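File shown here: protein03.pdb, holding PDB, C-alpha atoms and all ligand atoms.
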```pdb
ATOM      1  CA  MET A 252      12.873   8.201 -13.962
ATOM      2  CA  GLU A 253      11.737   7.046 -10.558
ATOM      3  CA  ASN A 254      11.046   3.388 -11.118
ATOM      4  CA  LEU A 255      10.611   1.124  -8.117
ATOM      5  CA  SER A 256      12.211  -2.178  -8.916
ATOM      6  CA  ALA A 257      12.828  -5.347  -6.980
ATOM      7  CA  ASN A 258      15.212  -7.954  -8.267
ATOM      8  CA  ASN A 259      15.475 -11.370  -6.682
ATOM      9  CA  LEU A 260      14.283  -9.950  -3.363
ATOM     10  CA  TYR A 261      14.337 -12.171  -0.294
ATOM     11  CA  SER A 262      12.766 -11.063   2.968
ATOM     12  CA  PHE A 263      13.063 -12.687   6.360
ATOM     13  CA  TYR A 264      11.356 -12.864   9.732
ATOM     14  CA  GLY A 265      14.184 -14.235  11.882
ATOM     15  CA  LYS A 266      15.856 -16.842   9.699
ATOM     16  CA  SER A 267      12.756 -17.821   7.710
ATOM     17  CA  PRO A 268      12.601 -16.388   4.221
ATOM     18  CA  VAL A 269       9.037 -15.314   3.458
ATOM     19  CA  LEU A 270       9.744 -13.662   0.100
ATOM     20  CA  GLN A 271      11.932 -15.870  -2.022
ATOM     21  CA  GLY A 272      13.310 -14.174  -5.102
ATOM     22  CA  VAL A 273      10.602 -11.636  -5.923
ATOM     23  CA  SER A 274      11.153  -9.364  -8.937
ATOM     24  CA  PHE A 275       8.906  -6.628 -10.301
ATOM     25  CA  ASP A 276       8.987  -3.107 -11.699
ATOM     26  CA  LEU A 277       6.666  -0.197 -11.009
ATOM     27  CA  LYS A 278       7.001   2.712 -13.410
ATOM     28  CA  PRO A 279       6.050   6.250 -12.306
ATOM     29  CA  GLY A 280       2.284   6.583 -12.124
ATOM     30  CA  GLU A 281       1.666   2.896 -12.686
ATOM     31  CA  PHE A 282      -0.933   0.884 -10.737
ATOM     32  CA  LEU A 283       0.078  -2.622  -9.685
ATOM     33  CA  SER A 284      -2.203  -5.035  -7.838
ATOM     34  CA  VAL A 285      -0.663  -7.774  -5.713
ATOM     35  CA  LEU A 286      -2.890 -10.808  -5.445
ATOM     36  CA  GLY A 287      -2.646 -14.212  -3.836
ATOM     37  CA  ARG A 288      -4.223 -16.470  -1.254
ATOM     38  CA  ASN A 289      -3.824 -15.909   2.487
ATOM     39  CA  GLY A 290      -0.343 -16.137   3.935
ATOM     40  CA  VAL A 291       1.592 -16.070   0.642
ATOM     41  CA  GLY A 292       3.590 -12.937   1.471
ATOM     42  CA  LYS A 293       1.563  -9.992   0.134
ATOM     43  CA  THR A 294       1.797  -7.949   3.333
ATOM     44  CA  THR A 295       5.433  -8.973   3.664
ATOM     45  CA  LEU A 296       6.131  -7.529   0.212
ATOM     46  CA  LEU A 297       4.787  -4.112   1.241
ATOM     47  CA  LYS A 298       6.625  -4.274   4.559
ATOM     48  CA  SER A 299       9.849  -5.180   2.775
ATOM     49  CA  ILE A 300       9.560  -2.153   0.489
ATOM     50  CA  MET A 301       9.092  -0.041   3.620
ATOM     51  CA  GLY A 302      11.935  -1.751   5.531
ATOM     52  CA  LEU A 303       9.700  -3.290   8.175
ATOM     53  CA  THR A 304      10.730  -6.945   8.068
ATOM     54  CA  ASP A 305      13.705  -8.313   9.996
ATOM     55  CA  SER A 306      16.026  -8.363   6.981
ATOM     56  CA  CYS A 307      16.124  -8.446   3.185
ATOM     57  CA  LYS A 308      18.537  -9.667   0.559
ATOM     58  CA  GLY A 309      18.649  -8.986  -3.155
ATOM     59  CA  ASP A 310      18.073  -5.688  -4.863
ATOM     60  CA  LEU A 311      15.451  -3.013  -4.243
ATOM     61  CA  GLN A 312      15.848   0.324  -6.029
ATOM     62  CA  PHE A 313      13.740   3.461  -6.135
ATOM     63  CA  GLY A 314      14.759   6.245  -8.490
ATOM     64  CA  GLY A 315      18.397   5.188  -8.408
ATOM     65  CA  SER A 316      18.552   4.860  -4.644
ATOM     66  CA  ASP A 317      19.391   1.529  -3.007
ATOM     67  CA  LEU A 318      16.426   1.119  -0.655
ATOM     68  CA  LEU A 319      17.903  -1.814   1.242
ATOM     69  CA  LYS A 320      20.508   0.624   2.586
ATOM     70  CA  CYS A 321      17.822   3.116   3.706
ATOM     71  CA  SER A 322      15.962   3.247   7.017
ATOM     72  CA  THR A 323      12.164   3.236   7.050
ATOM     73  CA  PRO A 324      11.975   7.030   7.625
ATOM     74  CA  GLN A 325      14.395   7.600   4.730
ATOM     75  CA  ARG A 326      12.174   5.497   2.475
ATOM     76  CA  ALA A 327       9.141   7.576   3.511
ATOM     77  CA  LEU A 328      11.068  10.793   2.814
ATOM     78  CA  GLN A 329      11.861   9.510  -0.655
ATOM     79  CA  GLY A 330       8.130   9.374  -1.319
ATOM     80  CA  ILE A 331       6.907   5.908  -0.445
ATOM     81  CA  GLY A 332       3.638   6.028   1.489
ATOM     82  CA  TYR A 333       2.271   2.946   3.255
ATOM     83  CA  ILE A 334      -1.209   2.290   4.590
ATOM     84  CA  PRO A 335      -0.980  -0.904   6.596
ATOM     85  CA  GLN A 336      -3.699  -3.464   7.030
ATOM     86  CA  GLY A 337      -5.592  -2.439  10.161
ATOM     87  CA  ARG A 338      -4.888   1.237   9.383
ATOM     88  CA  GLU A 339      -2.923   1.999  12.582
ATOM     89  CA  ILE A 340      -4.223   5.484  13.112
ATOM     90  CA  ILE A 341      -3.596   6.943  16.585
ATOM     91  CA  PRO A 342      -6.962   6.641  18.394
ATOM     92  CA  ARG A 343      -6.383   9.377  20.981
ATOM     93  CA  PHE A 344      -5.108  11.906  18.436
ATOM     94  CA  THR A 345      -7.674  14.040  16.632
ATOM     95  CA  VAL A 346      -8.278  13.687  12.922
ATOM     96  CA  ARG A 347      -6.165  16.823  12.357
ATOM     97  CA  GLU A 348      -3.310  15.493  14.490
ATOM     98  CA  ASN A 349      -3.363  12.142  12.731
ATOM     99  CA  ILE A 350      -3.133  13.821   9.326
ATOM    100  CA  LEU A 351      -0.432  16.237  10.511
ATOM    101  CA  MET A 352       1.688  13.237  11.498
ATOM    102  CA  GLY A 353       1.932  12.432   7.797
ATOM    103  CA  THR A 354       3.445  15.842   7.057
ATOM    104  CA  PHE A 355       6.477  14.966   9.193
ATOM    105  CA  ALA A 356       7.552  12.619   6.409
ATOM    106  CA  ARG A 357       7.530  15.445   3.827
ATOM    107  CA  ALA A 358      10.841  16.031   2.173
ATOM    108  CA  ASP A 359      10.159  19.786   1.832
ATOM    109  CA  GLY A 360       9.406  20.295   5.550
ATOM    110  CA  LYS A 361       5.942  21.837   4.947
ATOM    111  CA  ARG A 362       3.465  21.189   7.732
ATOM    112  CA  GLU A 363       0.253  22.015   5.879
ATOM    113  CA  ILE A 364      -2.633  19.647   5.246
ATOM    114  CA  PRO A 365      -3.392  19.722   1.498
ATOM    115  CA  ASP A 366      -6.969  20.854   0.811
ATOM    116  CA  TYR A 367      -7.683  18.183  -1.749
ATOM    117  CA  LEU A 368      -7.708  15.570   1.030
ATOM    118  CA  PHE A 369     -10.882  17.111   2.393
ATOM    119  CA  ASP A 370     -12.464  17.291  -1.067
ATOM    120  CA  MET A 371     -11.719  13.609  -1.451
ATOM    121  CA  PHE A 372     -12.958  12.670   2.019
ATOM    122  CA  PRO A 373     -15.324  15.465   3.218
ATOM    123  CA  ILE A 374     -16.157  13.570   6.411
ATOM    124  CA  LEU A 375     -12.620  14.266   7.641
ATOM    125  CA  ARG A 376     -13.279  17.996   7.390
ATOM    126  CA  ASP A 377     -16.503  17.595   9.360
ATOM    127  CA  PHE A 378     -14.771  15.464  12.016
ATOM    128  CA  ILE A 379     -11.461  17.369  12.084
ATOM    129  CA  SER A 380     -11.495  17.808  15.876
ATOM    130  CA  ARG A 381     -12.808  14.347  16.769
ATOM    131  CA  LYS A 382     -10.564  11.675  18.182
ATOM    132  CA  GLY A 383      -9.484   9.163  15.527
ATOM    133  CA  GLY A 384     -10.651   6.331  17.764
ATOM    134  CA  ASP A 385     -14.237   7.656  17.652
ATOM    135  CA  LEU A 386     -14.461   7.260  13.866
ATOM    136  CA  SER A 387     -16.014   4.219  12.168
ATOM    137  CA  GLY A 388     -13.730   1.668  10.509
ATOM    138  CA  GLY A 389     -14.364   3.130   7.073
ATOM    139  CA  GLN A 390     -13.720   6.673   8.288
ATOM    140  CA  GLN A 391     -10.490   5.497   9.931
ATOM    141  CA  GLN A 392      -9.411   4.015   6.625
ATOM    142  CA  GLN A 393     -10.072   7.357   4.935
ATOM    143  CA  LEU A 394      -8.038   8.995   7.690
ATOM    144  CA  ALA A 395      -5.167   6.542   7.182
ATOM    145  CA  ILE A 396      -5.158   7.317   3.454
ATOM    146  CA  ALA A 397      -5.249  11.068   4.157
ATOM    147  CA  ARG A 398      -2.354  10.734   6.597
ATOM    148  CA  ALA A 399      -0.251   8.940   3.994
ATOM    149  CA  LEU A 400      -1.153  11.544   1.361
ATOM    150  CA  ALA A 401      -0.176  14.382   3.689
ATOM    151  CA  MET A 402       3.441  13.290   3.195
ATOM    152  CA  ASP A 403       3.076  14.024  -0.533
ATOM    153  CA  PRO A 404       4.146  10.565  -1.681
ATOM    154  CA  LYS A 405       5.087   9.461  -5.174
ATOM    155  CA  ILE A 406       3.959   5.913  -4.509
ATOM    156  CA  LEU A 407       1.124   4.792  -2.276
ATOM    157  CA  MET A 408       1.028   1.213  -0.987
ATOM    158  CA  LEU A 409      -2.309   0.010   0.380
ATOM    159  CA  ASP A 410      -2.927  -3.304   2.147
ATOM    160  CA  GLU A 411      -6.523  -4.488   1.654
ATOM    161  CA  PRO A 412      -7.955  -0.993   2.148
ATOM    162  CA  THR A 413     -11.604  -2.014   1.946
ATOM    163  CA  GLU A 414     -11.413  -5.141   4.090
ATOM    164  CA  GLY A 415     -14.140  -5.162   6.739
ATOM    165  CA  ILE A 416     -15.458  -1.733   5.754
ATOM    166  CA  GLN A 417     -19.129  -0.826   5.458
ATOM    167  CA  PRO A 418     -20.248  -1.036   1.794
ATOM    168  CA  ASN A 419     -21.246   2.633   1.430
ATOM    169  CA  ILE A 420     -17.684   3.718   2.200
ATOM    170  CA  VAL A 421     -16.005   1.008   0.094
ATOM    171  CA  LYS A 422     -17.012   2.738  -3.146
ATOM    172  CA  GLN A 423     -15.688   6.125  -1.923
ATOM    173  CA  ILE A 424     -12.357   4.559  -1.022
ATOM    174  CA  GLU A 425     -12.098   2.702  -4.331
ATOM    175  CA  ASP A 426     -12.949   5.861  -6.277
ATOM    176  CA  ALA A 427     -10.351   7.828  -4.311
ATOM    177  CA  ILE A 428      -7.625   5.266  -5.061
ATOM    178  CA  ILE A 429      -8.419   5.386  -8.787
ATOM    179  CA  GLN A 430      -8.528   9.194  -8.732
ATOM    180  CA  LEU A 431      -5.158   9.397  -6.976
ATOM    181  CA  ASN A 432      -3.649   7.249  -9.691
ATOM    182  CA  ARG A 433      -5.337   8.694 -12.762
ATOM    183  CA  GLU A 434      -5.686  12.356 -11.814
ATOM    184  CA  ARG A 435      -2.763  12.919  -9.461
ATOM    185  CA  GLY A 436      -0.372  10.480 -11.124
ATOM    186  CA  LEU A 437       0.516   8.534  -7.992
ATOM    187  CA  GLY A 438       2.060   5.123  -8.412
ATOM    188  CA  ILE A 439      -0.040   2.564  -6.547
ATOM    189  CA  ILE A 440       0.745  -0.861  -5.149
ATOM    190  CA  LEU A 441      -2.471  -2.414  -3.922
ATOM    191  CA  VAL A 442      -2.780  -5.672  -2.017
ATOM    192  CA  GLU A 443      -6.309  -6.785  -2.751
ATOM    193  CA  GLN A 444      -8.650  -9.776  -2.472
ATOM    194  CA  ASN A 445     -11.316  -8.045  -4.545
ATOM    195  CA  VAL A 446     -10.410  -9.181  -8.065
ATOM    196  CA  PRO A 447     -13.026  -7.107  -9.942
ATOM    197  CA  PHE A 448     -11.669  -3.932  -8.343
ATOM    198  CA  ALA A 449      -8.044  -4.921  -9.018
ATOM    199  CA  ARG A 450      -8.945  -5.636 -12.628
ATOM    200  CA  ALA A 451     -10.795  -2.352 -13.117
ATOM    201  CA  ALA A 452      -8.294  -0.146 -11.317
ATOM    202  CA  SER A 453      -4.840  -1.472 -12.099
ATOM    203  CA  ASP A 454      -2.537  -1.451 -15.095
ATOM    204  CA  ARG A 455      -0.828  -4.672 -14.109
ATOM    205  CA  PHE A 456      -1.050  -7.420 -11.530
ATOM    206  CA  LEU A 457       1.145 -10.048 -10.010
ATOM    207  CA  VAL A 458       0.196 -13.176  -8.128
ATOM    208  CA  LEU A 459       2.269 -14.390  -5.199
ATOM    209  CA  ASP A 460       2.350 -17.960  -3.969
ATOM    210  CA  LYS A 461       4.582 -19.155  -1.127
ATOM    211  CA  GLY A 462       6.741 -16.050  -1.353
ATOM    212  CA  ARG A 463       7.309 -16.180  -5.115
ATOM    213  CA  VAL A 464       5.778 -14.399  -8.080
ATOM    214  CA  VAL A 465       3.962 -17.148  -9.967
ATOM    215  CA  LEU A 466       2.210 -14.958 -12.520
ATOM    216  CA  GLY A 467       2.081 -11.378 -13.732
ATOM    217  CA  GLY A 468       0.533  -9.452 -16.563
ATOM    218  CA  THR A 469      -1.707  -6.630 -17.657
ATOM    219  CA  SER A 470      -5.057  -6.341 -15.931
ATOM    220  CA  ALA A 471      -6.731  -7.620 -19.124
ATOM    221  CA  GLU A 472      -4.798 -10.849 -18.564
ATOM    222  CA  LEU A 473      -6.344 -11.255 -15.124
ATOM    223  CA  THR A 474      -8.927 -13.662 -16.495
ATOM    224  CA  ASP A 475     -11.437 -15.861 -14.720
ATOM    225  CA  ALA A 476      -9.166 -18.834 -15.481
ATOM    226  CA  VAL A 477      -6.303 -17.105 -13.625
ATOM    227  CA  VAL A 478      -8.598 -16.405 -10.704
ATOM    228  CA  GLU A 479      -9.776 -20.025 -10.674
ATOM    229  CA  GLU A 480      -6.237 -21.427 -10.752
ATOM    230  CA  HIS A 481      -4.427 -19.055  -8.395
ATOM    231  CA  LEU A 482      -6.914 -17.231  -6.241
ATOM    232  CA  THR A 483      -9.846 -19.405  -5.299
ATOM    233  CA  PHE A 484      -9.669 -21.336  -2.077
TER     234      PHE A 484
HETATM  235  N1  LIG A 501       6.060 -10.858  12.073
HETATM  236  C1  LIG A 501       6.150 -12.104  11.564
HETATM  237  N2  LIG A 501       6.997 -13.007  12.105
HETATM  238  C2  LIG A 501       7.113 -14.257  11.593
HETATM  239  N3  LIG A 501       6.410 -14.701  10.517
HETATM  240  C3  LIG A 501       5.564 -13.864   9.946
HETATM  241  C4  LIG A 501       5.368 -12.510  10.424
HETATM  242  N4  LIG A 501       4.441 -11.918   9.633
HETATM  243  C5  LIG A 501       4.075 -12.826   8.713
HETATM  244  N5  LIG A 501       4.752 -13.992   8.890
HETATM  245  C6  LIG A 501       4.604 -15.196   8.058
HETATM  246  O1  LIG A 501       4.936 -14.838   6.720
HETATM  247  C7  LIG A 501       4.070 -15.494   5.799
HETATM  248  C8  LIG A 501       3.436 -14.462   4.885
HETATM  249  O2  LIG A 501       2.591 -13.594   5.631
HETATM  250  P1  LIG A 501       1.924 -12.293   5.004
HETATM  251  O3  LIG A 501       1.171 -11.612   6.092
HETATM  252  O4  LIG A 501       2.925 -11.530   4.252
HETATM  253  O5  LIG A 501       0.903 -12.948   3.972
HETATM  254  P2  LIG A 501      -0.320 -12.304   3.200
HETATM  255  O6  LIG A 501      -0.252 -12.867   1.817
HETATM  256  O7  LIG A 501      -0.332 -10.852   3.352
HETATM  257  O8  LIG A 501      -1.564 -12.934   3.949
HETATM  258  P3  LIG A 501      -3.007 -12.336   4.326
HETATM  259  O9  LIG A 501      -3.790 -12.329   3.080
HETATM  260  O10 LIG A 501      -3.505 -13.351   5.311
HETATM  261  O11 LIG A 501      -2.795 -10.972   4.926
HETATM  262  C9  LIG A 501       3.072 -16.284   6.616
HETATM  263  O12 LIG A 501       3.500 -17.623   6.640
HETATM  264  C10 LIG A 501       3.167 -15.664   7.976
HETATM  265  O13 LIG A 501       2.908 -16.632   8.975
END
```
Write the structure described by the file as structure tokens, please.
Ligand SMILES: Nc1ncnc2c1ncn2[C@@H]1O[C@H](COP(=O)(O)OP(=O)(O)OP(=O)(O)O)[C@@H](O)[C@H]1O
Amino acid sequence: MENLSANNLYSFYGKSPVLQGVSFDLKPGEFLSVLGRNGVGKTTLLKSIMGLTDSCKGDLQFGGSDLLKCSTPQRALQGIGYIPQGREIIPRFTVRENILMGTFARADGKREIPDYLFDMFPILRDFISRKGGDLSGGQQQQLAIARALAMDPKILMLDEPTEGIQPNIVKQIEDAIIQLNRERGLGIILVEQNVPFARAASDRFLVLDKGRVVLGGTSAELTDAVVEEHLTF
């Protein structure tokens, strides 16, 4: 089965190790939330899985493949989708062009935009010919999710997808993430500050502190006491 598993993973910017011995498992279709205060390495964990930090040591496997030996495009082709913080859509490309970019990371070479993306985010259908840069922040986040889905991923990694987004769109994005997991069976790794959403949506969580996993468990174990000890500022 296509588990994603990290064992004693170290990740570096230059010579500084940001992740220091991180281990976790994500089973197919599982939803994992990654929590922790600012600057503890949450974004770095997602970047490391995608091969976007300077270097990594340790073990990172996906479905029997040694990810640390794979380039970033190879990791995408294996089915790992990444929606970075800040979204990084291409502002001068249209909505259609932005989504089509995702299809270039499809293993089967198809260049079609799946219809369900527009059922999930109807505004993208309405704005299909608009420039990405003319969309609101929330619409751009929907576009970034659609672009990642256009590559037909097995796992979707999202970095604070509702940060700074207008409240009426937050709910749509949260519902879409849950639907992708529960109805389409996508594995999800979500970096999130919103504990109630992480608790409601995920199967399991882990808490990072200074580049290490200090706690993990089922979402039922993500109690107020855990939040108080590890997540309040
Ligand atoms: N490109 C980089 N070069 C050097 N150091 C970096 C780089 N990106 C992040 N760091 C450092 O790595 C550490 C972890 O950063 P990271 O962004 O992974 O944390 P985070 O938990 O996602 O924080 P936040 O909640 O603020 O996004 C921080 O000390 C940060 O300064």
Apply the PyMOL selection byres (((not hetatm)) within 12 of (chain A and resi 501)) to the displayed file and report the matching residues as a PyMOL selection string. chain A and resi 262-271+285-299+303-306+335-337+409-412+414+441-445+458-464+482+484
Six-sided padding of 4 Å per side, axis-aligned box over region 269-288 of chain A, centre and edges in Å, one decimal, as JSON:
```
{"center_x": 4.5, "center_y": -4.9, "center_z": -5.0, "size_x": 25.5, "size_y": 31.1, "size_z": 24.9}
```
A:Thr469, A:Thr474, A:Gln393, A:Asn254: which is nearest Val446 (chain A), counting all atoms listed in the file? A:Thr474
With distances taken over all atoms listed in the file, which of A:Asn349, A:Pro279, A:Gln390, A:Ser284 is nearest to Gly436 (chain A)?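 Result for the nearest residue to Gly436 (chain A): A:Pro279.
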One decimal, in Å: what's the spacing between CA of Leu457 (chain A) and CA of Leu407 (chain A)? 16.7 Å
Between A:Met408, A:Leu351, A:Val477, A:Ile428, which is the closest to Met371 (chain A) once you count all atoms listed in the file?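 Using all atoms listed in the file, the shortest distance to Met371 (chain A) belongs to A:Ile428.
Among the candidates A:Asp310, A:Glu479, A:Asp426, A:Asp276, the one nearest to Tyr261 (chain A) when counting all atoms listed in the file is A:Asp310.
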Take the PyMOL selection byres (((chain A and resi 256) around 9) and not hetatm), run it mentally on this structure, and tell me the resulting residues as a PDB file with C-alpha atoms, keeping the file's coordinate frame.
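As a result, expr_8.pdb now contains:
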```pdb
ATOM      1  CA  ASN A 254      11.046   3.388 -11.118  1.00  0.00           C
ATOM      2  CA  LEU A 255      10.611   1.124  -8.117  1.00  0.00           C
ATOM      3  CA  ALA A 257      12.828  -5.347  -6.980  1.00  0.00           C
ATOM      4  CA  ASN A 258      15.212  -7.954  -8.267  1.00  0.00           C
ATOM      5  CA  SER A 274      11.153  -9.364  -8.937  1.00  0.00           C
ATOM      6  CA  PHE A 275       8.906  -6.628 -10.301  1.00  0.00           C
ATOM      7  CA  ASP A 276       8.987  -3.107 -11.699  1.00  0.00           C
ATOM      8  CA  LEU A 277       6.666  -0.197 -11.009  1.00  0.00           C
ATOM      9  CA  LYS A 278       7.001   2.712 -13.410  1.00  0.00           C
ATOM     10  CA  ASP A 310      18.073  -5.688  -4.863  1.00  0.00           C
ATOM     11  CA  LEU A 311      15.451  -3.013  -4.243  1.00  0.00           C
ATOM     12  CA  GLN A 312      15.848   0.324  -6.029  1.00  0.00           C
ATOM     13  CA  PHE A 313      13.740   3.461  -6.135  1.00  0.00           C
ATOM     14  CA  GLY A 314      14.759   6.245  -8.490  1.00  0.00           C
TER      15      GLY A 314
END
```
When the PyMOL selection byres (((chain A and resi 375) around 9) and not hetatm) is applied to the file above, which residues end up in the set, as a list in words? Val346, Arg347, Leu368, Phe369, Phe372, Pro373, Ile374, Arg376, Asp377, Phe378, Ile379, Gln390, Gln393, Leu394 and Ala397 of chain A
